[in-house]
$ cat upload.txt   # compact mmCIF, C-alpha atoms
# COMPACT_ATOMS: atom_id res chain seq x y z
CA MET F 24 123.44 -90.91 -32.67
CA SER F 25 121.96 -87.94 -30.81
CA PHE F 26 125.24 -86.04 -30.97
CA LEU F 27 125.63 -86.93 -34.64
CA ALA F 28 122.23 -85.35 -35.32
CA ILE F 29 123.25 -82.25 -33.37
CA PHE F 30 126.49 -82.04 -35.33
CA LEU F 31 124.63 -82.23 -38.64
CA LEU F 32 122.22 -79.54 -37.47
CA SER F 33 125.14 -77.19 -36.84
CA ALA F 34 127.27 -78.28 -39.83
CA LEU F 35 124.51 -77.85 -42.41
CA ARG F 36 123.29 -74.47 -41.19
CA ASN F 37 123.08 -71.47 -43.46
CA LYS F 38 125.61 -68.69 -42.95
CA THR F 39 122.74 -66.47 -41.77
CA VAL F 40 122.36 -68.60 -38.63
CA GLY F 41 124.33 -66.89 -35.87
CA VAL F 42 125.16 -63.21 -35.99
CA ASP F 43 128.91 -63.79 -36.31
CA THR F 44 128.84 -66.57 -38.90
CA VAL F 45 128.91 -64.21 -41.87
CA SER F 46 131.91 -62.39 -40.41
CA TYR F 47 133.80 -65.65 -39.88
CA ILE F 48 133.17 -66.65 -43.49
CA LYS F 49 134.33 -63.24 -44.68
CA TYR F 50 137.60 -63.50 -42.75
CA TYR F 51 138.11 -67.13 -43.75
CA GLU F 52 137.93 -66.16 -47.41
CA ALA F 53 140.41 -63.34 -46.79
CA VAL F 54 142.89 -65.45 -44.81
CA ARG F 55 143.04 -68.24 -47.38
CA GLU F 56 144.17 -65.67 -49.97
CA MET F 57 147.05 -64.60 -47.74
CA SER F 58 150.53 -66.04 -48.25
CA TRP F 59 152.17 -68.12 -45.53
CA GLU F 60 154.94 -65.55 -45.37
CA GLY F 61 152.40 -62.81 -44.75
CA LEU F 62 150.69 -64.92 -42.12
CA ILE F 63 153.97 -65.61 -40.29
CA LYS F 64 155.03 -61.97 -40.47
CA GLY F 65 151.72 -60.87 -39.00
CA GLU F 66 150.39 -58.90 -41.94
CA TRP F 67 146.90 -59.78 -40.69
CA ASP F 68 147.40 -57.77 -37.47
CA HIS F 69 144.64 -55.18 -36.93
CA HIS F 70 142.81 -56.45 -40.02
CA PHE F 71 140.94 -59.43 -38.58
CA PHE F 72 139.30 -60.13 -35.25
CA THR F 73 140.22 -63.80 -35.62
CA THR F 74 143.78 -63.09 -34.55
CA GLU F 75 144.28 -66.20 -32.40
CA LYS F 76 147.17 -67.97 -34.09
CA GLY F 77 145.70 -71.47 -33.99
CA PHE F 78 142.50 -70.42 -35.67
CA MET F 79 144.37 -68.39 -38.29
CA ILE F 80 146.58 -71.38 -39.14
CA LEU F 81 143.54 -73.66 -39.35
CA GLU F 82 141.91 -71.20 -41.73
CA LYS F 83 145.05 -71.04 -43.85
CA ILE F 84 145.48 -74.83 -44.02
CA CYS F 85 141.83 -75.33 -44.96
CA GLY F 86 142.12 -72.54 -47.51
CA ASP F 87 145.14 -74.14 -49.15
CA LEU F 88 143.28 -77.45 -49.30
CA MET F 89 140.45 -75.68 -51.14
CA VAL F 90 138.01 -76.43 -48.32
CA SER F 91 134.72 -74.67 -48.99
CA THR F 92 133.25 -72.28 -46.45
CA GLN F 93 130.47 -74.75 -45.65
CA LEU F 94 132.94 -77.55 -44.99
CA PHE F 95 134.95 -75.18 -42.81
CA ILE F 96 131.84 -74.45 -40.73
CA ALA F 97 131.24 -78.20 -40.50
CA LEU F 98 134.84 -78.79 -39.37
CA CYS F 99 134.52 -76.22 -36.58
CA ALA F 100 131.19 -77.71 -35.52
CA GLY F 101 132.69 -81.20 -35.58
CA ILE F 102 135.58 -80.33 -33.24
CA PHE F 103 133.22 -78.65 -30.79
CA VAL F 104 130.55 -81.37 -30.77
CA TYR F 105 133.16 -84.14 -30.53
CA GLY F 106 134.63 -82.49 -27.43
CA ILE F 107 131.20 -82.36 -25.79
CA TYR F 108 130.49 -85.94 -26.87
CA LYS F 109 133.80 -87.10 -25.38
CA LEU F 110 132.96 -85.42 -22.09
CA ALA F 111 129.38 -86.71 -21.95
CA SER F 112 130.08 -90.26 -23.13
CA THR F 113 132.85 -90.68 -20.57
CA TYR F 114 130.96 -89.50 -17.49
CA ILE F 115 127.27 -90.04 -18.23
CA GLU F 116 126.04 -93.58 -17.68
CA GLY F 117 122.34 -92.93 -18.20
CA ASN F 118 119.85 -90.08 -18.61
CA VAL F 119 120.83 -89.62 -22.25
CA ILE F 120 117.72 -87.59 -23.04
CA VAL F 121 118.45 -85.19 -20.18
CA SER F 122 122.04 -84.88 -21.39
CA VAL F 123 121.09 -84.14 -24.99
CA PHE F 124 118.54 -81.46 -24.18
CA SER F 125 120.82 -79.95 -21.53
CA PHE F 126 123.46 -79.65 -24.24
CA LEU F 127 121.03 -77.90 -26.57
CA ALA F 128 119.64 -75.52 -23.95
CA VAL F 129 122.51 -74.71 -21.57
CA GLY F 130 125.52 -76.65 -22.84
CA SER F 131 127.13 -74.07 -25.16
CA TYR F 132 125.48 -75.38 -28.33
CA LEU F 133 123.84 -72.13 -29.43
CA LEU F 134 126.83 -69.98 -28.50
CA SER F 135 129.08 -72.28 -30.55
CA ILE F 136 127.09 -71.26 -33.63
CA ASN F 137 128.10 -67.66 -33.04
CA VAL F 138 131.71 -68.05 -31.97
CA LEU F 139 133.49 -70.66 -34.07
CA ARG F 140 136.97 -70.19 -32.65
CA GLN F 141 135.83 -70.24 -29.04
CA GLY F 142 133.67 -73.26 -29.83
CA ILE F 143 136.77 -75.13 -31.00
CA GLY F 144 138.56 -74.01 -27.83
CA VAL F 145 135.74 -75.35 -25.65
CA GLY F 146 135.78 -78.69 -27.48
CA LEU F 147 139.54 -79.01 -27.00
CA CYS F 148 139.26 -78.12 -23.31
CA CYS F 149 136.61 -80.79 -22.75
CA ILE F 150 138.88 -83.39 -24.35
CA ALA F 151 141.78 -82.13 -22.24
CA TRP F 152 139.76 -82.46 -19.02
CA VAL F 153 138.92 -86.08 -19.82
CA GLU F 154 142.65 -86.71 -20.23
CA LEU F 155 143.35 -85.01 -16.89
CA LYS F 156 140.87 -87.32 -15.18
CA LYS F 157 142.74 -90.27 -16.69
CA GLY F 158 145.95 -88.99 -15.14
CA ASN F 159 147.42 -87.70 -18.41
CA TRP F 160 148.27 -84.23 -17.11
CA LYS F 161 150.75 -83.56 -19.94
CA ARG F 162 148.01 -84.10 -22.52
CA PHE F 163 145.78 -81.83 -20.45
CA VAL F 164 148.33 -79.01 -20.49
CA ILE F 165 149.00 -79.43 -24.21
CA GLY F 166 145.27 -79.55 -24.93
CA VAL F 167 144.48 -76.38 -23.00
CA LEU F 168 147.46 -74.51 -24.48
CA LEU F 169 146.31 -75.57 -27.94
CA ALA F 170 142.80 -74.35 -27.09
CA CYS F 171 144.29 -70.99 -26.07
CA THR F 172 145.62 -70.57 -29.61
CA PHE F 173 141.99 -70.62 -30.76
CA HIS F 174 140.66 -68.36 -28.01
CA VAL F 175 142.79 -66.87 -25.26
CA SER F 176 139.95 -67.13 -22.72
CA CYS F 177 140.59 -70.88 -22.57
CA CYS F 178 143.48 -70.18 -20.19
CA VAL F 179 140.93 -70.03 -17.35
CA PHE F 180 140.47 -73.77 -17.81
CA PHE F 181 143.68 -74.33 -15.88
CA LEU F 182 141.38 -73.88 -12.89
CA ALA F 183 140.71 -77.59 -13.37
CA VAL F 184 144.10 -78.33 -11.81
CA ILE F 185 143.17 -76.34 -8.70
CA PHE F 186 139.70 -77.90 -8.49
CA GLU F 187 141.28 -81.35 -8.59
CA LYS F 188 143.28 -80.58 -5.44
CA ILE F 189 140.41 -79.21 -3.34
CA PRO F 190 139.05 -81.80 -0.87
CA ALA F 191 135.49 -82.79 -1.79
CA GLY F 192 132.83 -82.48 0.87
CA ARG F 193 129.72 -80.72 2.07
CA LYS F 194 131.65 -77.94 3.78
CA SER F 195 133.77 -77.29 0.69
CA ILE F 196 130.67 -77.00 -1.50
CA ILE F 197 128.89 -74.59 0.84
CA ILE F 198 131.98 -72.39 1.17
CA SER F 199 132.60 -72.49 -2.59
CA THR F 200 129.00 -71.51 -3.28
CA ILE F 201 129.22 -68.51 -0.95
CA VAL F 202 132.58 -67.42 -2.39
CA MET F 203 131.41 -67.70 -6.01
CA MET F 204 128.23 -65.74 -5.31
CA VAL F 205 130.21 -62.99 -3.59
CA VAL F 206 132.64 -62.87 -6.53
CA GLY F 207 129.71 -62.60 -8.94
CA VAL F 208 127.89 -59.84 -7.05
CA VAL F 209 131.03 -57.84 -6.28
CA GLY F 210 132.29 -58.28 -9.83
CA ALA F 211 129.00 -57.05 -11.28
CA ALA F 212 129.20 -53.98 -9.04
CA PHE F 213 132.82 -53.02 -9.64
CA LEU F 214 133.43 -53.97 -13.27
CA PRO F 215 131.60 -50.92 -14.69
CA ILE F 216 133.98 -48.75 -12.64
CA ILE F 217 137.04 -50.70 -13.77
CA LEU F 218 135.93 -50.57 -17.40
CA ARG F 219 136.20 -46.79 -17.36
CA TRP F 220 139.96 -47.34 -17.62
CA PHE F 221 139.50 -49.61 -20.66
CA PRO F 222 137.21 -47.70 -23.04
CA ILE F 223 137.65 -50.19 -25.91
CA TYR F 224 136.19 -53.02 -23.86
CA ALA F 225 133.60 -50.76 -22.28
CA VAL F 226 132.20 -49.86 -25.69
CA ARG F 227 132.30 -53.43 -27.00
CA TYR F 228 131.05 -55.31 -23.95
CA GLY F 229 129.97 -53.03 -21.14
CA ASN F 230 126.96 -51.12 -22.40
CA GLY F 231 124.38 -53.83 -22.78
CA ARG F 232 125.24 -54.43 -26.42
CA TRP F 233 125.00 -58.19 -25.97
CA LYS F 234 122.26 -58.98 -23.50
CA ILE F 235 122.34 -62.30 -21.71
CA ASN F 236 119.98 -64.51 -23.64
CA GLU F 237 117.61 -67.30 -22.78
CA ALA F 238 120.06 -69.97 -23.90
CA ASN F 239 122.51 -69.58 -21.04
CA GLY F 240 121.68 -66.61 -18.90
CA ILE F 241 118.13 -66.98 -17.70
CA VAL F 242 118.02 -66.43 -13.97
CA ILE F 243 115.87 -69.45 -13.21
CA VAL F 244 118.63 -71.70 -14.59
CA TRP F 245 121.07 -70.16 -12.12
CA VAL F 246 118.67 -70.84 -9.25
CA ILE F 247 118.14 -74.45 -10.34
CA VAL F 248 121.89 -75.01 -10.70
CA LEU F 249 122.51 -73.68 -7.20
CA ALA F 250 119.66 -75.80 -5.81
CA ILE F 251 121.07 -78.96 -7.40
CA ILE F 252 124.53 -78.22 -6.04
CA LEU F 253 123.34 -77.59 -2.49
CA LEU F 254 121.04 -80.62 -2.55
CA SER F 255 123.91 -82.78 -3.79
CA ALA F 256 126.07 -81.48 -0.97
CA PHE F 257 123.71 -83.11 1.54
CA ARG F 258 122.68 -86.17 -0.48
CA LEU F 259 126.00 -87.57 -1.74
CA ASP F 260 128.29 -89.77 0.34
CA TRP F 261 131.51 -87.76 0.28
CA SER F 262 133.53 -90.57 1.82
CA LYS F 263 133.51 -92.22 -1.63
CA LYS F 264 136.39 -91.01 -3.78
CA GLU F 265 134.41 -91.38 -7.02
CA HIS F 266 132.29 -88.40 -6.00
CA HIS F 267 135.26 -86.04 -6.37
CA ILE F 268 134.46 -85.73 -10.08
CA ASP F 269 130.91 -84.72 -9.10
CA PHE F 270 132.46 -82.12 -6.81
CA GLU F 271 134.59 -80.70 -9.63
CA VAL F 272 131.53 -80.57 -11.89
CA MET F 273 129.78 -78.52 -9.20
CA LEU F 274 132.71 -76.11 -9.00
CA PHE F 275 132.66 -75.59 -12.76
CA SER F 276 128.90 -75.03 -12.57
CA LEU F 277 129.40 -72.44 -9.82
CA CYS F 278 131.88 -70.66 -12.09
CA TYR F 279 129.19 -70.56 -14.76
CA VAL F 280 126.68 -68.93 -12.41
CA SER F 281 129.21 -66.48 -10.95
CA ILE F 282 130.47 -65.34 -14.36
CA ASN F 283 126.92 -64.87 -15.66
CA ILE F 284 126.09 -62.72 -12.64
CA ILE F 285 129.07 -60.56 -13.59
CA GLY F 286 127.63 -60.61 -17.10
CA LEU F 287 124.66 -58.59 -15.86
CA SER F 288 126.94 -55.55 -16.07
CA PHE F 289 129.66 -56.89 -18.40
CA ASP F 290 128.11 -58.68 -21.35
CA GLY F 291 131.40 -60.14 -22.54
CA ALA F 292 131.44 -62.41 -19.48
CA GLN F 293 128.75 -64.46 -21.18
CA ARG F 294 131.33 -65.66 -23.67
CA LEU F 295 133.69 -66.66 -20.85
CA SER F 296 130.95 -68.72 -19.21
CA MET F 297 130.81 -70.82 -22.38
CA LEU F 298 133.87 -72.70 -21.11
CA PHE F 299 131.94 -73.96 -18.09
CA GLN F 300 128.57 -74.61 -19.68
CA PRO F 301 129.38 -78.18 -20.84
CA PHE F 302 129.62 -79.20 -17.20
CA LEU F 303 125.98 -78.27 -16.74
CA ILE F 304 125.23 -81.28 -18.95
CA LEU F 305 126.95 -83.52 -16.39
CA LEU F 306 125.33 -81.68 -13.47
CA PHE F 307 121.77 -82.08 -14.74
CA SER F 308 122.40 -85.70 -15.67
CA LYS F 309 123.89 -86.50 -12.25
CA SER F 310 121.02 -84.70 -10.52
CA CYS F 311 118.60 -87.37 -11.76
CA GLY F 312 120.41 -89.82 -9.50
CA LEU F 313 119.42 -87.81 -6.43
CA TRP F 314 115.89 -89.16 -6.75
CA SER F 315 114.27 -92.56 -7.01
CA GLY F 316 110.98 -94.14 -8.09
CA ALA F 317 108.14 -91.91 -9.21
CA THR F 318 109.93 -88.80 -7.94
CA LYS F 319 112.84 -89.47 -10.30
CA SER F 320 110.48 -89.92 -13.26
CA ILE F 321 108.67 -86.67 -12.48
CA TYR F 322 111.94 -84.78 -11.99
CA THR F 323 113.49 -86.14 -15.18
CA THR F 324 110.39 -85.33 -17.21
CA GLY F 325 110.34 -81.82 -15.77
CA VAL F 326 113.99 -81.21 -16.60
CA VAL F 327 113.59 -82.43 -20.17
CA ALA F 328 110.42 -80.39 -20.71
CA GLY F 329 112.08 -77.30 -19.27
CA MET F 330 115.16 -77.72 -21.46
CA ILE F 331 113.02 -78.17 -24.57
CA VAL F 332 111.07 -74.98 -23.83
CA LEU F 333 114.28 -73.08 -23.07
CA PHE F 334 115.92 -74.27 -26.28
CA LEU F 335 112.91 -73.49 -28.46
CA LYS F 336 112.58 -70.05 -26.94
CA ALA F 337 116.23 -69.22 -27.57
CA ALA F 338 116.35 -70.85 -31.00
CA SER F 339 113.34 -68.83 -32.15
CA THR F 340 115.21 -65.54 -31.81
CA ALA F 341 116.33 -63.79 -34.99
CA GLN F 342 120.02 -64.72 -34.70
CA TYR F 343 119.27 -68.45 -34.41
CA ALA F 344 116.38 -68.74 -36.89
CA TYR F 345 117.42 -71.95 -38.62
CA LEU F 346 117.93 -72.37 -42.34
CA PRO F 347 119.95 -75.13 -44.07
CA PHE F 348 122.83 -73.98 -46.29
CA TRP F 349 120.94 -74.83 -49.47
CA ALA F 350 117.96 -72.61 -48.62

$ encode --input "upload.txt" --output "structure tokens"
Amino acid sequence: MSFLAIFLLSALRNKTVGVDTVSYIKYYEAVREMSWEGLIKGEWDHHFFTTEKGFMILEKICGDLMVSTQLFIALCAGIFVYGIYKLASTYIEGNVIVSVFSFLAVGSYLLSINVLRQGIGVGLCCIAWVELKKGNWKRFVIGVLLACTFHVSCCVFFLAVIFEKIPAGRKSIIISTIVMMVVGVVGAAFLPIILRWFPIYAVRYGNGRWKINEANGIVIVWVIVLAIILLSAFRLDWSKKEHHIDFEVMLFSLCYVSINIIGLSFDGAQRLSMLFQPFLILLFSKSCGLWSGATKSIYTTGVVAGMIVLFLKAASTAQYAYLPFWA
């Protein structure tokens, strides 16, 4: 029910919510007027930024079915939220309140309002990961490849195959944490130099145009994520095979932190981190199990309160000021 409410919140939003929503509606209206022959021949090339083939085809199908722009927004929101729901409902046994507010604050929810096509890609990747954990690797590959047709950045999700093969354990977590932090710091230092060779990306992403926002880039969240990971490294019994999923969740969370550190000098990295943000929902939920008794109650209350404040602070910014579509 909580995820249904979140879906409705996103589906019924006005086109003014999210800085890119208006642009997506504009291109959707243009694509649905295009012929299938023109779409196949690539007449859209250099005319739209939504050039991922899967998203273009979805726009065209919905356009031919006379789907209104509001229903199209709802469809995109539905695919994204369902993917997150599938991930959360499969691997979260309790701590529903923590999970819901983690989703709102650091679980890609606000970014999905801005980037419809990448939101769909994230939802599909979450569904694909659940299939991978069930042993359906073919469905995983197909799911990620399909997600790539909505946003090419989804190709990084094939890291899940590598993470699955890494032995879980305290040593692995400590080494992974050090490596990811080095990658983040070195990447933040060298990317501005590398971007000089790619002026198009430098202008679009590299000059502070999109500052990391409170929803997924606040430094204190990075510190808390790292603290949870390192604490888990010493608290969990790594001889139990079921904890390997917890280990993979930690690796995805480390990717989130590392990429956002790079985002300090390359703002476009924030969008890439969206792929890993859903795993923060699992991380924060699992972290409640590290405590017991009164300590657990205090910790859980603190996490929920912090997530609420973080969400309200981010949602109060101009780009996320909420209005329903009928307003």

$ closest_residue --input "upload.txt" --among "F:Val242, F:Leu134, F:Ile252, F:Val90" --to "Arg294 in chain F" --atoms "all atoms listed in the file"
F:Leu134

$ residues_around --input "upload.txt" --residues "Tyr343 in chain F" --least-positions-apart "3" --cutoff "7 Å" --atoms "only C-alpha atoms" --output "ChimeraX atom specification"
/F:40-41,338-340

$ closest_residue --input "upload.txt" --among "F:Lys38, F:Lys319, F:Lys161, F:Lys156" --to "Ile268 in chain F" --atoms "only C-alpha atoms"
F:Lys156

$ closest_residue --input "upload.txt" --among "F:Cys171, F:Leu31, F:Met297, F:Val280" --to "Asn137 in chain F" --atoms "all atoms listed in the file"
F:Met297

$ residues_around --input "upload.txt" --residues "range 46-51 of chain F" --least-positions-apart "4" --cutoff "12 Å" --atoms "only C-alpha atoms" --output "PyMOL selection string"
chain F and resi 37-42+55-57+67+70-74+78-87+89-96+99+136-141

$ closest_atom_pairs --input "upload.txt" --of "range 258-331 of chain F" --to "range 188-211 of chain F" --cutoff "6 Å" --atoms "only C-alpha atoms" --output "Markdown table"
| residue | atom | partner | partner_atom | distance |
| --- | --- | --- | --- | --- |
| F:Trp261 | CA | F:Gly192 | CA | 5.5 |
| F:His267 | CA | F:Ala191 | CA | 5.6 |
| F:Phe270 | CA | F:Ala191 | CA | 5.9 |
| F:Ser281 | CA | F:Gly207 | CA | 4.4 |
| F:Ile284 | CA | F:Gly207 | CA | 5.2 |
| F:Ile285 | CA | F:Ala211 | CA | 4.2 |
| F:Ser288 | CA | F:Ala211 | CA | 5.4 |

$ write_last_selection --input "upload.txt" --atoms "C-alpha atoms" --output "CSV table (one decimal), in the coordinates of the input"
chain,number,residue,atom,x,y,z
F,261,TRP,CA,131.5,-87.8,0.3
F,267,HIS,CA,135.3,-86.0,-6.4
F,270,PHE,CA,132.5,-82.1,-6.8
F,281,SER,CA,129.2,-66.5,-11.0
F,284,ILE,CA,126.1,-62.7,-12.6
F,285,ILE,CA,129.1,-60.6,-13.6
F,288,SER,CA,126.9,-55.6,-16.1

$ residues_near_point --input "upload.txt" --point "(116.6, -86.8, -8.0)" --cutoff "12 Å" --atoms "all atoms listed in the file" --output "VMD selection string"
chain F and resid 118 250 to 252 254 to 255 258 to 259 306 to 326

$ atom_distance --input "upload.txt" --atom1 "CA of Asn159 in chain F" --atom2 "CA of Ser296 in chain F"
25.1 Å

$ closest_atom_pairs --input "upload.txt" --of "range 240-309 of chain F" --to "range 101-110 of chain F" --cutoff "12 Å" --atoms "all atoms listed in the file" --output "tab-separated table"
residue	atom	partner	partner_atom	distance
F:Val272	CA	F:Leu110	CA	11.4
F:Met297	CA	F:Phe103	CA	11.7
F:Leu298	CA	F:Ile107	CA	11.1
F:Phe299	CA	F:Ile107	CA	11.4
F:Gln300	CA	F:Ile107	CA	10.2
F:Pro301	CA	F:Ile107	CA	6.7
F:Phe302	CA	F:Leu110	CA	8.6
F:Leu303	CA	F:Ile107	CA	11.2
F:Ile304	CA	F:Ile107	CA	9.1
F:Leu305	CA	F:Leu110	CA	8.5

$ residues_around --input "upload.txt" --residues "Leu127 in chain F" --least-positions-apart "2" --cutoff "12 Å" --atoms "only C-alpha atoms" --output "count of residues only"
41

$ atom_distance --input "upload.txt" --atom1 "CA of Glu271 in chain F" --atom2 "CA of Leu169 in chain F"
22.3 Å

$ atom_distance --input "upload.txt" --atom1 "CA of Tyr279 in chain F" --atom2 "CA of Leu249 in chain F"
10.6 Å

$ build_atoms --input "upload.txt" --residues "range 89-98 of chain F" --atoms "all heavy atoms" --output "mmCIF file, in the frame of the given file"
data_model
loop_
_atom_site.group_PDB
_atom_site.id
_atom_site.type_symbol
_atom_site.label_atom_id
_atom_site.label_comp_id
_atom_site.auth_asym_id
_atom_site.auth_seq_id
_atom_site.Cartn_x
_atom_site.Cartn_y
_atom_site.Cartn_z
ATOM 1 N N MET F 89 141.660 -76.013 -50.375
ATOM 2 C CA MET F 89 140.450 -75.680 -51.140
ATOM 3 C C MET F 89 139.179 -76.136 -50.433
ATOM 4 O O MET F 89 138.199 -76.554 -51.060
ATOM 5 C CB MET F 89 140.521 -76.298 -52.541
ATOM 6 C CG MET F 89 141.748 -75.922 -53.331
ATOM 7 S SD MET F 89 141.823 -74.120 -53.672
ATOM 8 C CE MET F 89 140.481 -73.948 -54.851
ATOM 9 N N VAL F 90 139.193 -76.066 -49.096
ATOM 10 C CA VAL F 90 138.010 -76.430 -48.320
ATOM 11 C C VAL F 90 136.974 -75.313 -48.466
ATOM 12 O O VAL F 90 137.278 -74.140 -48.243
ATOM 13 C CB VAL F 90 138.372 -76.607 -46.830
ATOM 14 C CG1 VAL F 90 137.118 -76.809 -45.987
ATOM 15 C CG2 VAL F 90 139.328 -77.790 -46.671
ATOM 16 N N SER F 91 135.770 -75.665 -48.820
ATOM 17 C CA SER F 91 134.720 -74.670 -48.990
ATOM 18 C C SER F 91 134.321 -74.074 -47.649
ATOM 19 O O SER F 91 134.599 -74.639 -46.586
ATOM 20 C CB SER F 91 133.491 -75.303 -49.647
ATOM 21 O OG SER F 91 132.888 -76.232 -48.775
ATOM 22 N N THR F 92 133.666 -72.925 -47.693
ATOM 23 C CA THR F 92 133.250 -72.280 -46.450
ATOM 24 C C THR F 92 132.288 -73.160 -45.659
ATOM 25 O O THR F 92 132.355 -73.196 -44.426
ATOM 26 C CB THR F 92 132.585 -70.921 -46.755
ATOM 27 O OG1 THR F 92 131.517 -71.119 -47.689
ATOM 28 C CG2 THR F 92 133.581 -69.948 -47.343
ATOM 29 N N GLN F 93 131.429 -73.889 -46.361
ATOM 30 C CA GLN F 93 130.470 -74.750 -45.650
ATOM 31 C C GLN F 93 131.176 -75.905 -44.958
ATOM 32 O O GLN F 93 130.844 -76.262 -43.828
ATOM 33 C CB GLN F 93 129.417 -75.294 -46.623
ATOM 34 C CG GLN F 93 128.205 -75.902 -45.934
ATOM 35 C CD GLN F 93 127.441 -74.886 -45.096
ATOM 36 O OE1 GLN F 93 127.162 -73.785 -45.557
ATOM 37 N NE2 GLN F 93 127.115 -75.248 -43.868
ATOM 38 N N LEU F 94 132.175 -76.477 -45.611
ATOM 39 C CA LEU F 94 132.940 -77.550 -44.990
ATOM 40 C C LEU F 94 133.761 -77.021 -43.814
ATOM 41 O O LEU F 94 133.978 -77.732 -42.828
ATOM 42 C CB LEU F 94 133.861 -78.213 -46.007
ATOM 43 C CG LEU F 94 133.196 -79.189 -46.984
ATOM 44 C CD1 LEU F 94 134.227 -79.730 -47.966
ATOM 45 C CD2 LEU F 94 132.520 -80.333 -46.227
ATOM 46 N N PHE F 95 134.202 -75.777 -43.918
ATOM 47 C CA PHE F 95 134.950 -75.180 -42.810
ATOM 48 C C PHE F 95 134.048 -75.005 -41.596
ATOM 49 O O PHE F 95 134.449 -75.283 -40.458
ATOM 50 C CB PHE F 95 135.526 -73.822 -43.239
ATOM 51 C CG PHE F 95 136.343 -73.156 -42.159
ATOM 52 C CD1 PHE F 95 137.594 -73.650 -41.826
ATOM 53 C CD2 PHE F 95 135.857 -72.043 -41.488
ATOM 54 C CE1 PHE F 95 138.352 -73.050 -40.822
ATOM 55 C CE2 PHE F 95 136.601 -71.431 -40.493
ATOM 56 C CZ PHE F 95 137.853 -71.934 -40.156
ATOM 57 N N ILE F 96 132.816 -74.552 -41.819
ATOM 58 C CA ILE F 96 131.840 -74.450 -40.730
ATOM 59 C C ILE F 96 131.599 -75.817 -40.118
ATOM 60 O O ILE F 96 131.536 -75.972 -38.894
ATOM 61 C CB ILE F 96 130.512 -73.844 -41.256
ATOM 62 C CG1 ILE F 96 130.703 -72.366 -41.605
ATOM 63 C CG2 ILE F 96 129.394 -74.013 -40.226
ATOM 64 C CD1 ILE F 96 129.479 -71.724 -42.227
ATOM 65 N N ALA F 97 131.479 -76.838 -40.971
ATOM 66 C CA ALA F 97 131.240 -78.200 -40.500
ATOM 67 C C ALA F 97 132.422 -78.708 -39.671
ATOM 68 O O ALA F 97 132.242 -79.398 -38.658
ATOM 69 C CB ALA F 97 130.982 -79.124 -41.679
ATOM 70 N N LEU F 98 133.648 -78.375 -40.095
ATOM 71 C CA LEU F 98 134.840 -78.790 -39.370
ATOM 72 C C LEU F 98 134.854 -78.182 -37.966
ATOM 73 O O LEU F 98 135.118 -78.879 -36.973
ATOM 74 C CB LEU F 98 136.097 -78.373 -40.135
ATOM 75 C CG LEU F 98 137.440 -78.625 -39.431
ATOM 76 C CD1 LEU F 98 137.638 -80.124 -39.197
ATOM 77 C CD2 LEU F 98 138.590 -78.057 -40.250
#
